[in-house]
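Beneath this line is the structure, given in structure tokens, with notes to follow.
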Amino acid sequence: MKRKLLLGIFLALLCFPETSFAVPYDQYTSTGKDTFWSLAQRAGVRASDLQAINPLVDPKNIWKGLMINLPNGHKPMPGLIPASEVSRRTYTVQSQDTFWTIAKKFGISFSYLIQANPQVKDKHNIEPGLVITIPTVPPSISPTANWETKADYVIGLSKDQFDVPYVWGDTTPWVGLDCSSLVQYVFGKIGVKLPRTSNWQFQYGTPVAKDQLRKGDLVFFKEHGSSIITHVGIYMGNDQMINADTGPKNGVQIEYIFGDEYYNACYAGARRYIK
């Protein structure tokens, strides 16, 4: 868990015009000199709107590397991560749709679609306008796949969990996860059985130097002066990780590692489990 913040493969959208993403906000990476007011001026939006869609960001503590949601309609800005890369894929139910026809449309199994939508109580009667989650990767891959395919797969599985709430101690995909249960879930899908906690996950695997990190490696952190590991994420490349966290929003999200002042300061090392 990062801060409790006041402590401070993928189908083209053109193919399915009814698809969208769970949180439709582009994200901006703070330089460490931003305020909501200055950022609002540059983006051409209201500071109050910025704060409204970033409720977990402390306006007095906007550090370098912090990823901030931008309201829709903002001006073009360099270095943005588009909404399609930081939110899970969803679909708005149309007239005559059923889970069966939707599963067929997207080429996924009926049972996996059901599993991805535990919030839908009546699976046989879905109303137009209902927004459901559409998994972007299959429920399993070949155990003989090479390391890169496995790394892409665990990252894809993690992205399907975008915005699933952070719930300490929970291990339920699509419902609630913490940092180590997210990692345990996606690695279990490639046949890698990990311990339950981030501190124990750090005890195994192959140590990896910072300059040797590759996608799929696990990155670990000691937060708030702790003597043991308190947080884990999955390295994606380009100094980014995907992890379950409490800020700057709540849930599974992408964040920077060494470009983020907070995580850079508490980085403890990495382990490789995908060979």
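In the structure tokens, the first chain shown is A, the next is B, and so on; residue numbers restart at 1 for each chain, and ligands run from 1 in the order shown.
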*Please give the complete set of residues from stretch 98-228 of chain A that DSSP, run on the backbone, assigns to strand (DSSP E), formatted as a ChimeraX atom specification.*
/A:131-133,171-172,176-177,206-208,218-221
*Would you return as a PyMOL selection string the members of stretch 31-227 of chain A that DSSP assigns to helix (DSSP H, G or I) on this structure's backbone?*
chain A and resi 36-43+47-52+83-85+99-106+110-115+147-159+179-188+198-201+210-212
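Atom CA of A:Ile81 is positioned 19.2 Å from atom CA of A:Ser38.
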*So which residues touch A:Asn250 within 12 Å, counting only C-alpha atoms, skipping near sequence neighbours fewer than 2 positions away, as a VMD selection string?*
chain A and resid 1 to 5 23 53 to 57 162 to 168 176 to 179 243 to 248 252 to 254
*asked:* Please list as a VMD selection string every residue within 12 Å of A:Val86, counting only C-alpha atoms and excluding residues in the same chain fewer than 5 positions away.
replied: chain A and resid 20 to 28 67 to 69 80 to 81 156 158 to 163 240 to 243 249 251 to 255
Fewer than 5 positions away in the same chain doesn't count, so skip those; otherwise give me all residues within 10 Å of A:Ile126, counting only C-alpha atoms, as a PDB file with N, CA, C and O atoms, in the first residue's frame.
```
ATOM      1  N   VAL A  93     -24.410  -2.361 -22.392  1.00  0.00           N
ATOM      2  CA  VAL A  93     -25.376  -3.332 -22.910  1.00  0.00           C
ATOM      3  C   VAL A  93     -26.396  -2.638 -23.817  1.00  0.00           C
ATOM      4  O   VAL A  93     -26.936  -1.578 -23.485  1.00  0.00           O
ATOM      5  N   GLN A  94     -26.628  -3.268 -24.974  1.00  0.00           N
ATOM      6  CA  GLN A  94     -27.593  -2.776 -25.948  1.00  0.00           C
ATOM      7  C   GLN A  94     -28.865  -3.632 -25.900  1.00  0.00           C
ATOM      8  O   GLN A  94     -28.890  -4.716 -25.317  1.00  0.00           O
ATOM      9  N   SER A  95     -29.895  -3.137 -26.534  1.00  0.00           N
ATOM     10  CA  SER A  95     -31.146  -3.899 -26.629  1.00  0.00           C
ATOM     11  C   SER A  95     -30.888  -5.246 -27.282  1.00  0.00           C
ATOM     12  O   SER A  95     -30.131  -5.344 -28.248  1.00  0.00           O
ATOM     13  N   GLN A  96     -31.462  -6.288 -26.760  1.00  0.00           N
ATOM     14  CA  GLN A  96     -31.351  -7.665 -27.250  1.00  0.00           C
ATOM     15  C   GLN A  96     -30.054  -8.354 -26.850  1.00  0.00           C
ATOM     16  O   GLN A  96     -29.853  -9.534 -27.172  1.00  0.00           O
ATOM     17  N   ASP A  97     -29.152  -7.664 -26.164  1.00  0.00           N
ATOM     18  CA  ASP A  97     -27.910  -8.308 -25.723  1.00  0.00           C
ATOM     19  C   ASP A  97     -28.184  -9.304 -24.604  1.00  0.00           C
ATOM     20  O   ASP A  97     -29.082  -9.110 -23.766  1.00  0.00           O
ATOM     21  N   THR A  98     -27.381 -10.369 -24.593  1.00  0.00           N
ATOM     22  CA  THR A  98     -27.302 -11.291 -23.463  1.00  0.00           C
ATOM     23  C   THR A  98     -25.827 -11.511 -23.184  1.00  0.00           C
ATOM     24  O   THR A  98     -24.966 -11.174 -24.005  1.00  0.00           O
ATOM     25  N   PHE A  99     -25.518 -12.097 -22.042  1.00  0.00           N
ATOM     26  CA  PHE A  99     -24.117 -12.415 -21.784  1.00  0.00           C
ATOM     27  C   PHE A  99     -23.568 -13.345 -22.868  1.00  0.00           C
ATOM     28  O   PHE A  99     -22.406 -13.245 -23.262  1.00  0.00           O
ATOM     29  N   VAL A 120     -23.139  -8.138 -11.302  1.00  0.00           N
ATOM     30  CA  VAL A 120     -24.415  -8.369 -11.979  1.00  0.00           C
ATOM     31  C   VAL A 120     -25.105  -9.557 -11.303  1.00  0.00           C
ATOM     32  O   VAL A 120     -24.637 -10.691 -11.411  1.00  0.00           O
ATOM     33  N   LYS A 121     -26.195  -9.303 -10.640  1.00  0.00           N
ATOM     34  CA  LYS A 121     -26.855 -10.339  -9.855  1.00  0.00           C
ATOM     35  C   LYS A 121     -27.693 -11.286 -10.715  1.00  0.00           C
ATOM     36  O   LYS A 121     -27.687 -12.493 -10.506  1.00  0.00           O
ATOM     37  N   VAL A 131     -23.413  -1.222 -17.714  1.00  0.00           N
ATOM     38  CA  VAL A 131     -22.010  -1.235 -18.119  1.00  0.00           C
ATOM     39  C   VAL A 131     -21.324  -2.444 -17.494  1.00  0.00           C
ATOM     40  O   VAL A 131     -21.348  -2.620 -16.277  1.00  0.00           O
ATOM     41  N   ILE A 132     -20.726  -3.286 -18.336  1.00  0.00           N
ATOM     42  CA  ILE A 132     -20.059  -4.489 -17.849  1.00  0.00           C
ATOM     43  C   ILE A 132     -18.597  -4.491 -18.275  1.00  0.00           C
ATOM     44  O   ILE A 132     -18.201  -3.795 -19.212  1.00  0.00           O
TER      45      ILE A 132
END
```
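Distance-wise, atom CA of A:Thr101 and atom CA of A:Asp122 end up 15.7 Å apart.
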*May I ask which of the residues A:Thr90, A:Gln41, A:Thr35, A:Asn61 is the closest one to A:His74, counting only C-alpha atoms?*
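Ranking A:Thr90, A:Gln41, A:Thr35, A:Asn61 by distance to A:His74, first place goes to A:Gln41.
Residues in contact with A:Lys75 at 8 Å, where only C-alpha atoms are counted and same-chain residues fewer than 6 positions away are skipped, are listed as A:Arg42, A:Ala43, A:Gly44.
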Those residues with all heavy atoms, as a CSV table (one decimal), in the first residue's frame please?
```csv
chain,number,residue,atom,x,y,z
A,42,ARG,N,-2.8,25.6,-17.4
A,42,ARG,CA,-2.1,25.0,-18.6
A,42,ARG,C,-3.0,24.1,-19.3
A,42,ARG,O,-3.0,24.0,-20.6
A,42,ARG,CB,-0.9,24.2,-18.1
A,42,ARG,CG,0.3,25.2,-17.6
A,42,ARG,CD,1.3,24.4,-16.9
A,42,ARG,NE,1.8,23.3,-17.7
A,42,ARG,CZ,2.3,22.1,-17.1
A,42,ARG,NH1,2.3,22.0,-15.8
A,42,ARG,NH2,2.7,21.2,-17.9
A,43,ALA,N,-3.9,23.4,-18.6
A,43,ALA,CA,-4.8,22.4,-19.3
A,43,ALA,C,-6.1,23.0,-19.8
A,43,ALA,O,-6.8,22.3,-20.5
A,43,ALA,CB,-5.1,21.2,-18.3
A,44,GLY,N,-6.3,24.2,-19.4
A,44,GLY,CA,-7.6,24.9,-19.8
A,44,GLY,C,-8.8,24.3,-19.2
A,44,GLY,O,-9.9,24.2,-19.8
```
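Comparing the minimum interatomic distances between A:Leu218 and each of A:Leu70, A:Ala268, A:Val175, A:Val45, counting only C-alpha atoms, we find that A:Ala268 sits nearest.
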*For A:Val232: contacts at 6 Å, only C-alpha atoms, fewer than 6 positions along chain excluded, given as a list in words*: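 In the requested form, the answer reads Cys179, Ser198, Val219 and Phe220 of chain A.
Taking only C-alpha atoms into account, A:His124 lies nearest to A:Trp100 out of the set A:Phe258, A:Trp100, A:Ser142, A:Trp200.
The shortest atom-to-atom distance to A:Ala151, with only C-alpha atoms taken into account, belongs to A:Tyr273 out of A:Phe36, A:Tyr112, A:Phe106, A:Tyr273.
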